[in-house]
Amino acid sequence: MTNDPSNLIVLPGPHRRYNALTDDWLLVSAARTSRPWLGRQEAPPAADLPAYDPSCYLCPGNTRAQGTVQNPRYESTFVFTNDFAALQPDSPVGSINQGLLRAESEHGTCRVICFSPRHDLSLSRMEPDQVRTVVDLWADQTAELGERFDWVQVFENRGQAMGASNPHPHGQIWAGDALPREALREDAAQRRYFEANGRSLLIDYAKQEIGGPRELASDDDWLVLVPFWAAWPFETMIVARRPFRCLPDLDDRSRDSLADRLKDLLRGYDGLFEAPFPYSMGWHQAPFDGVDRPYWQLHAHFYPPLLRETVRKFMVGYELLSEPQRDITAEEAAARLRTAMMAAKSLGPPPVAVELHSQNPD
Ligand code: H2U
Ligand code: ZN
């Protein structure tokens, strides 16, 4: 299937594409980007952050928002239970089942994970071994929470445009008893495909996309691409090419190569508009409910909101009421991202930043 010329056939006019992973459709209407835009402009992100910010509730040694807890003077990564957690392990148990009215109590936990003590860094600007440390942390936290909860959602909101509350490089993990909507959709689609074909949907999908117009980067372990069914303008996925179901399954080599692929992608994102690129990203890994799921394949989604440097895409109107719609094709987005990734590589590593605690008073 590699380099299948059918990969290159792009329907020229408005068309709908099928999302095989969620069993959904979306509308693609290229050339609409030329329409005038008089709407909201996103503020450009603040430049030149300090390595340490005394008012940041995630920086080492600082006091958190509620004013009672102090962060340790951590030197690598740091994990804590979210002070405003949306899920609690010991909340009251109950359910409602009255005709069409149904509700169930939900238990879980929410953690915040700081990727670095440095306030001014981001995954895109960290050294590969530091990104590898974050990969290990994601895997270790998943293994621990997977012992207690059925669904473990590792994610990162980056940038004000995505609602991130703080530029300090951090992500979150929410773990709970229930399988949420996206988990159920992807589980059903992957299971159906496996039952019909005896193979993994996403491994087959990766084979079909390798060498094609939507590939951004690949190695023996990973494929980075703009999915055929991308809804957000510069939406991407990282798909494991070997049968890994969850982050703890990853071996040493695939963790190292993941750190490299992540860096390539994120530096390309930052290069696209020459500004820190906002996104929501997260890992989809097999549920930890003890059910054997040979069909499930580990992957990450990146959902960046921007269409242009200061113009974000809103999923409103037709998108909310009928189905998602995109203006630039996945192939065009991939071409632009590939160019940005190549340019970022040719620039070499970003400048090495200053000493960590230089401004952090004892
Ligand atoms: P976001 O930037 O993605 O919003 O994540 C920050 C999280 O950190 C957010 O969920 C938590 C918020 O509840 N938080 C704390 O747990 N303690 C604090 O002192 C401030 C923010
Ligand atoms: Zn900070």
# chains A, B, ... in the order shown; residues from 1 in each chain; ligands from 1
>>> select_by_dssp(residues="segment 8-138 of chain A", states="strand (DSSP E)", output="list in words")
His15, Arg16, Arg17, Tyr18, Asn19, Asp24, Trp25, Leu26, Leu27, Val28, Phe78, Val79, Phe80, Thr81, Ser95, Ile96, Asn97, Gln98, Leu101, Arg102, Ala103, Glu104, Gly108, Thr109, Cys110, Arg111, Val112, Ile113 and Cys114 of chain A
>>> write_last_selection(atoms="N, CA, C and O atoms", output="mmCIF file, in the first residue's frame")
data_model
loop_
_atom_site.group_PDB
_atom_site.id
_atom_site.type_symbol
_atom_site.label_atom_id
_atom_site.label_comp_id
_atom_site.auth_asym_id
_atom_site.auth_seq_id
_atom_site.Cartn_x
_atom_site.Cartn_y
_atom_site.Cartn_z
ATOM 1 N N HIS A 15 -16.398 18.407 -0.516
ATOM 2 C CA HIS A 15 -16.673 16.974 -0.363
ATOM 3 C C HIS A 15 -16.695 16.608 1.110
ATOM 4 O O HIS A 15 -16.290 17.407 1.949
ATOM 5 N N ARG A 16 -17.173 15.428 1.405
ATOM 6 C CA ARG A 16 -17.196 14.950 2.787
ATOM 7 C C ARG A 16 -16.174 13.837 2.934
ATOM 8 O O ARG A 16 -15.973 13.046 2.017
ATOM 9 N N ARG A 17 -15.515 13.818 4.065
ATOM 10 C CA ARG A 17 -14.545 12.748 4.341
ATOM 11 C C ARG A 17 -14.994 11.958 5.561
ATOM 12 O O ARG A 17 -15.541 12.533 6.508
ATOM 13 N N TYR A 18 -14.649 10.693 5.541
ATOM 14 C CA TYR A 18 -15.045 9.783 6.616
ATOM 15 C C TYR A 18 -13.911 9.655 7.621
ATOM 16 O O TYR A 18 -12.756 9.474 7.241
ATOM 17 N N ASN A 19 -14.245 9.773 8.886
ATOM 18 C CA ASN A 19 -13.274 9.543 9.958
ATOM 19 C C ASN A 19 -13.420 8.097 10.415
ATOM 20 O O ASN A 19 -14.354 7.750 11.146
ATOM 21 N N ASP A 24 -17.252 8.997 11.954
ATOM 22 C CA ASP A 24 -17.894 10.296 11.773
ATOM 23 C C ASP A 24 -17.589 10.813 10.376
ATOM 24 O O ASP A 24 -16.633 10.385 9.756
ATOM 25 N N TRP A 25 -18.318 11.820 9.942
ATOM 26 C CA TRP A 25 -18.034 12.483 8.678
ATOM 27 C C TRP A 25 -17.751 13.959 8.915
ATOM 28 O O TRP A 25 -18.177 14.518 9.933
ATOM 29 N N LEU A 26 -17.025 14.584 7.995
ATOM 30 C CA LEU A 26 -16.854 16.029 8.053
ATOM 31 C C LEU A 26 -16.882 16.594 6.646
ATOM 32 O O LEU A 26 -16.694 15.848 5.672
ATOM 33 N N LEU A 27 -17.141 17.891 6.551
ATOM 34 C CA LEU A 27 -17.244 18.576 5.272
ATOM 35 C C LEU A 27 -15.934 19.306 4.989
ATOM 36 O O LEU A 27 -15.408 19.990 5.862
ATOM 37 N N VAL A 28 -15.391 19.139 3.775
ATOM 38 C CA VAL A 28 -14.163 19.838 3.375
ATOM 39 C C VAL A 28 -14.532 20.785 2.243
ATOM 40 O O VAL A 28 -15.041 20.346 1.219
ATOM 41 N N PHE A 78 7.488 17.436 37.875
ATOM 42 C CA PHE A 78 6.795 17.514 39.160
ATOM 43 C C PHE A 78 5.310 17.232 38.945
ATOM 44 O O PHE A 78 4.696 17.806 38.053
ATOM 45 N N VAL A 79 4.765 16.309 39.737
ATOM 46 C CA VAL A 79 3.358 15.917 39.615
ATOM 47 C C VAL A 79 2.635 16.217 40.921
ATOM 48 O O VAL A 79 3.160 15.933 41.999
ATOM 49 N N PHE A 80 1.438 16.779 40.837
ATOM 50 C CA PHE A 80 0.612 16.930 42.046
ATOM 51 C C PHE A 80 -0.861 16.749 41.702
ATOM 52 O O PHE A 80 -1.266 16.902 40.543
ATOM 53 N N THR A 81 -1.646 16.424 42.711
ATOM 54 C CA THR A 81 -3.095 16.295 42.514
ATOM 55 C C THR A 81 -3.680 17.683 42.329
ATOM 56 O O THR A 81 -3.400 18.591 43.122
ATOM 57 N N SER A 95 -27.057 7.000 41.560
ATOM 58 C CA SER A 95 -27.453 7.015 40.150
ATOM 59 C C SER A 95 -28.918 7.425 40.039
ATOM 60 O O SER A 95 -29.683 7.311 41.004
ATOM 61 N N ILE A 96 -29.279 7.937 38.864
ATOM 62 C CA ILE A 96 -30.664 8.281 38.563
ATOM 63 C C ILE A 96 -31.040 7.467 37.334
ATOM 64 O O ILE A 96 -30.264 7.395 36.372
ATOM 65 N N ASN A 97 -32.183 6.832 37.367
ATOM 66 C CA ASN A 97 -32.647 6.080 36.208
ATOM 67 C C ASN A 97 -34.170 6.179 36.156
ATOM 68 O O ASN A 97 -34.880 5.297 36.617
ATOM 69 N N GLN A 98 -34.636 7.295 35.635
ATOM 70 C CA GLN A 98 -36.079 7.562 35.614
ATOM 71 C C GLN A 98 -36.480 7.880 34.183
ATOM 72 O O GLN A 98 -36.367 9.011 33.725
ATOM 73 N N LEU A 101 -34.326 10.091 31.962
ATOM 74 C CA LEU A 101 -33.359 10.800 32.812
ATOM 75 C C LEU A 101 -32.408 9.789 33.443
ATOM 76 O O LEU A 101 -32.828 8.963 34.253
ATOM 77 N N ARG A 102 -31.156 9.869 33.056
ATOM 78 C CA ARG A 102 -30.160 8.932 33.606
ATOM 79 C C ARG A 102 -28.945 9.696 34.072
ATOM 80 O O ARG A 102 -28.496 10.637 33.421
ATOM 81 N N ALA A 103 -28.371 9.287 35.153
ATOM 82 C CA ALA A 103 -27.118 9.880 35.632
ATOM 83 C C ALA A 103 -26.412 8.854 36.500
ATOM 84 O O ALA A 103 -27.046 7.983 37.105
ATOM 85 N N GLU A 104 -25.105 8.936 36.523
ATOM 86 C CA GLU A 104 -24.312 8.039 37.366
ATOM 87 C C GLU A 104 -23.213 8.847 38.014
ATOM 88 O O GLU A 104 -22.597 9.681 37.339
ATOM 89 N N GLY A 108 -12.786 9.485 40.249
ATOM 90 C CA GLY A 108 -11.512 9.545 39.555
ATOM 91 C C GLY A 108 -10.575 10.489 40.258
ATOM 92 O O GLY A 108 -10.802 10.873 41.416
ATOM 93 N N THR A 109 -9.532 10.872 39.542
ATOM 94 C CA THR A 109 -8.593 11.834 40.099
ATOM 95 C C THR A 109 -8.007 12.664 38.964
ATOM 96 O O THR A 109 -8.031 12.234 37.802
ATOM 97 N N CYS A 110 -7.527 13.856 39.292
ATOM 98 C CA CYS A 110 -6.921 14.745 38.299
ATOM 99 C C CYS A 110 -5.558 15.181 38.808
ATOM 100 O O CYS A 110 -5.436 15.599 39.958
ATOM 101 N N ARG A 111 -4.580 15.076 37.954
ATOM 102 C CA ARG A 111 -3.231 15.502 38.340
ATOM 103 C C ARG A 111 -2.707 16.555 37.372
ATOM 104 O O ARG A 111 -3.092 16.580 36.210
ATOM 105 N N VAL A 112 -1.821 17.379 37.879
ATOM 106 C CA VAL A 112 -1.131 18.362 37.051
ATOM 107 C C VAL A 112 0.314 17.889 36.948
ATOM 108 O O VAL A 112 0.901 17.445 37.948
ATOM 109 N N ILE A 113 0.896 17.916 35.754
ATOM 110 C CA ILE A 113 2.285 17.486 35.603
ATOM 111 C C ILE A 113 3.106 18.615 34.989
ATOM 112 O O ILE A 113 2.837 19.068 33.873
ATOM 113 N N CYS A 114 4.083 19.079 35.742
ATOM 114 C CA CYS A 114 4.988 20.113 35.237
ATOM 115 C C CYS A 114 6.100 19.419 34.457
ATOM 116 O O CYS A 114 6.743 18.501 34.957
#
>>> residues_near_ligand(ligand="ligand 1", cutoff="6 Å", atoms="only C-alpha atoms and all ligand atoms", output="short mmCIF file (atom, residue, chain, number, x, y, z; two decimals) with N, CA and C atoms, in the first residue's frame")
data_model
loop_
_atom_site.label_atom_id
_atom_site.label_comp_id
_atom_site.auth_asym_id
_atom_site.auth_seq_id
_atom_site.Cartn_x
_atom_site.Cartn_y
_atom_site.Cartn_z
N TYR A 57 2.18 29.78 39.85
CA TYR A 57 1.86 28.76 40.85
C TYR A 57 2.44 27.38 40.52
N ARG A 64 1.04 27.68 45.69
CA ARG A 64 -0.03 27.47 44.71
C ARG A 64 -1.21 28.41 44.98
N ALA A 65 -2.20 28.35 44.04
CA ALA A 65 -3.25 29.38 44.00
C ALA A 65 -4.04 29.51 45.30
N GLN A 66 -4.25 28.42 46.00
CA GLN A 66 -5.06 28.52 47.22
C GLN A 66 -4.27 29.09 48.40
N ASN A 82 -4.47 17.84 41.27
CA ASN A 82 -5.07 19.13 40.93
C ASN A 82 -5.84 19.68 42.13
N ASP A 83 -5.52 20.92 42.51
CA ASP A 83 -6.18 21.53 43.67
C ASP A 83 -7.66 21.81 43.40
N PHE A 84 -8.03 21.82 42.12
CA PHE A 84 -9.43 22.08 41.76
C PHE A 84 -9.93 20.92 40.90
N VAL A 112 -1.82 17.38 37.88
CA VAL A 112 -1.13 18.36 37.05
C VAL A 112 0.31 17.89 36.95
N ASN A 157 -2.98 21.29 27.46
CA ASN A 157 -3.53 22.49 26.81
C ASN A 157 -2.40 23.48 26.77
N ALA A 164 -5.26 27.43 28.31
CA ALA A 164 -4.25 27.12 29.31
C ALA A 164 -4.14 28.31 30.27
N SER A 165 -4.04 27.98 31.54
CA SER A 165 -4.12 29.03 32.55
C SER A 165 -2.77 29.66 32.82
N ASN A 166 -1.71 29.08 32.27
CA ASN A 166 -0.38 29.49 32.69
C ASN A 166 0.62 29.02 31.64
#
>>> closest_residue(among="A:Asp187, A:Glu75, A:Asp204, A:Glu309", to="Ala275 of chain A", atoms="only C-alpha atoms")
A:Glu309
>>> residues_near_ligand(ligand="ligand 2", cutoff="12 Å", atoms="only C-alpha atoms and all ligand atoms", output="VMD selection string")
chain A and resid 49 to 64 71 73 to 74 78 114 to 122 165 to 170 356 to 357 359 to 360
>>> write_last_selection(atoms="C-alpha atoms", output="tab-separated table (two decimals), in the first residue's frame")
chain	number	residue	atom	x	y	z
A	49	LEU	CA	9.13	34.81	29.55
A	50	PRO	CA	11.48	34.73	32.54
A	51	ALA	CA	13.10	31.39	33.48
A	52	TYR	CA	11.49	31.81	36.90
A	53	ASP	CA	8.31	33.79	37.63
A	54	PRO	CA	7.68	34.58	41.30
A	55	SER	CA	3.93	34.84	40.63
A	56	CYS	CA	3.65	31.46	38.84
A	57	TYR	CA	1.86	28.76	40.85
A	58	LEU	CA	3.80	26.02	39.03
A	59	CYS	CA	7.36	27.32	39.38
A	60	PRO	CA	9.60	25.49	41.91
A	61	GLY	CA	9.34	26.73	45.47
A	62	ASN	CA	6.27	28.92	44.79
A	63	THR	CA	2.96	28.83	46.62
A	64	ARG	CA	-0.03	27.47	44.71
A	71	ASN	CA	5.77	23.43	45.48
A	73	ARG	CA	12.16	23.03	44.54
A	74	TYR	CA	11.87	20.37	41.84
A	78	PHE	CA	6.79	17.51	39.16
A	114	CYS	CA	4.99	20.11	35.24
A	115	PHE	CA	7.29	19.21	32.35
A	116	SER	CA	10.20	21.33	33.54
A	117	PRO	CA	11.15	23.67	36.38
A	118	ARG	CA	11.83	26.31	33.73
A	119	HIS	CA	8.91	28.72	33.35
A	120	ASP	CA	10.03	29.82	29.87
A	121	LEU	CA	10.39	26.41	28.23
A	122	SER	CA	7.90	24.30	26.27
A	165	SER	CA	-4.12	29.03	32.55
A	166	ASN	CA	-0.38	29.49	32.69
A	167	PRO	CA	2.55	29.46	30.22
A	168	HIS	CA	4.67	27.28	32.55
A	169	PRO	CA	5.13	24.00	30.60
A	170	HIS	CA	2.60	21.60	32.06
A	356	LEU	CA	17.42	27.72	36.09
A	357	HIS	CA	17.44	29.28	39.50
A	359	GLN	CA	16.38	34.60	39.45
A	360	ASN	CA	14.90	32.37	42.12
>>> closest_residue(among="A:Arg241, A:Phe194, A:Asp260, A:Arg312", to="Glu127 of chain A", atoms="only C-alpha atoms")
A:Asp260
>>> closest_residue(among="A:Ala231, A:Pro12, A:Tyr279, A:Trp151", to="Arg181 of chain A", atoms="only C-alpha atoms")
A:Trp151
>>> closest_residue(among="A:Arg245, A:Ser124, A:Arg158, A:Leu262", to="Asp292 of chain A", atoms="only C-alpha atoms")
A:Arg245
>>> atom_distance(atom1="atom CA of Tyr205 of chain A", atom2="atom CA of Gly176 of chain A")
29.0 Å
>>> residues_around(residues="Lys313 of chain A", least_positions_apart="2", cutoff="10 Å", atoms="only C-alpha atoms", output="list in words")
Trp232, Pro233, Pro304, Pro305, Leu306, Leu307, Arg308, Val311, Met315, Val316, Arg326 and Asp327 of chain A
>>> closest_residue(among="A:Met237, A:Val131, A:Ala175, A:Ala189", to="Glu209 of chain A", atoms="only C-alpha atoms")
A:Met237
>>> closest_residue(among="A:Phe149, A:Pro180, A:Phe302, A:Ser346", to="Ala230 of chain A", atoms="only C-alpha atoms")
A:Phe302
>>> residues_around(residues="Gly282 of chain A", least_positions_apart="5", cutoff="8 Å", atoms="only C-alpha atoms", output="NGL selection string")
:A and (153-156 or 300-302)
>>> residues_around(residues="Leu272 of chain A", least_positions_apart="2", cutoff="9 Å", atoms="only C-alpha atoms", output="MDAnalysis selection string")
chainID A and resid 267:270 274:275 277 309 336:337 339:341
>>> residues_around(residues="Pro92 of chain A", least_positions_apart="2", cutoff="12 Å", atoms="only C-alpha atoms", output="PyMOL selection string")
chain A and resi 87-90+94-95+104-108
>>> select_by_dssp(residues="segment 67-258 of chain A", states="helix (DSSP H, G or I)", output="PyMOL selection string")
chain A and resi 123-125+128-146+160-162+181-197+201-209+247-249+252-258
>>> atom_distance(atom1="atom CA of Phe314 of chain A", atom2="atom CA of Glu331 of chain A")
20.7 Å
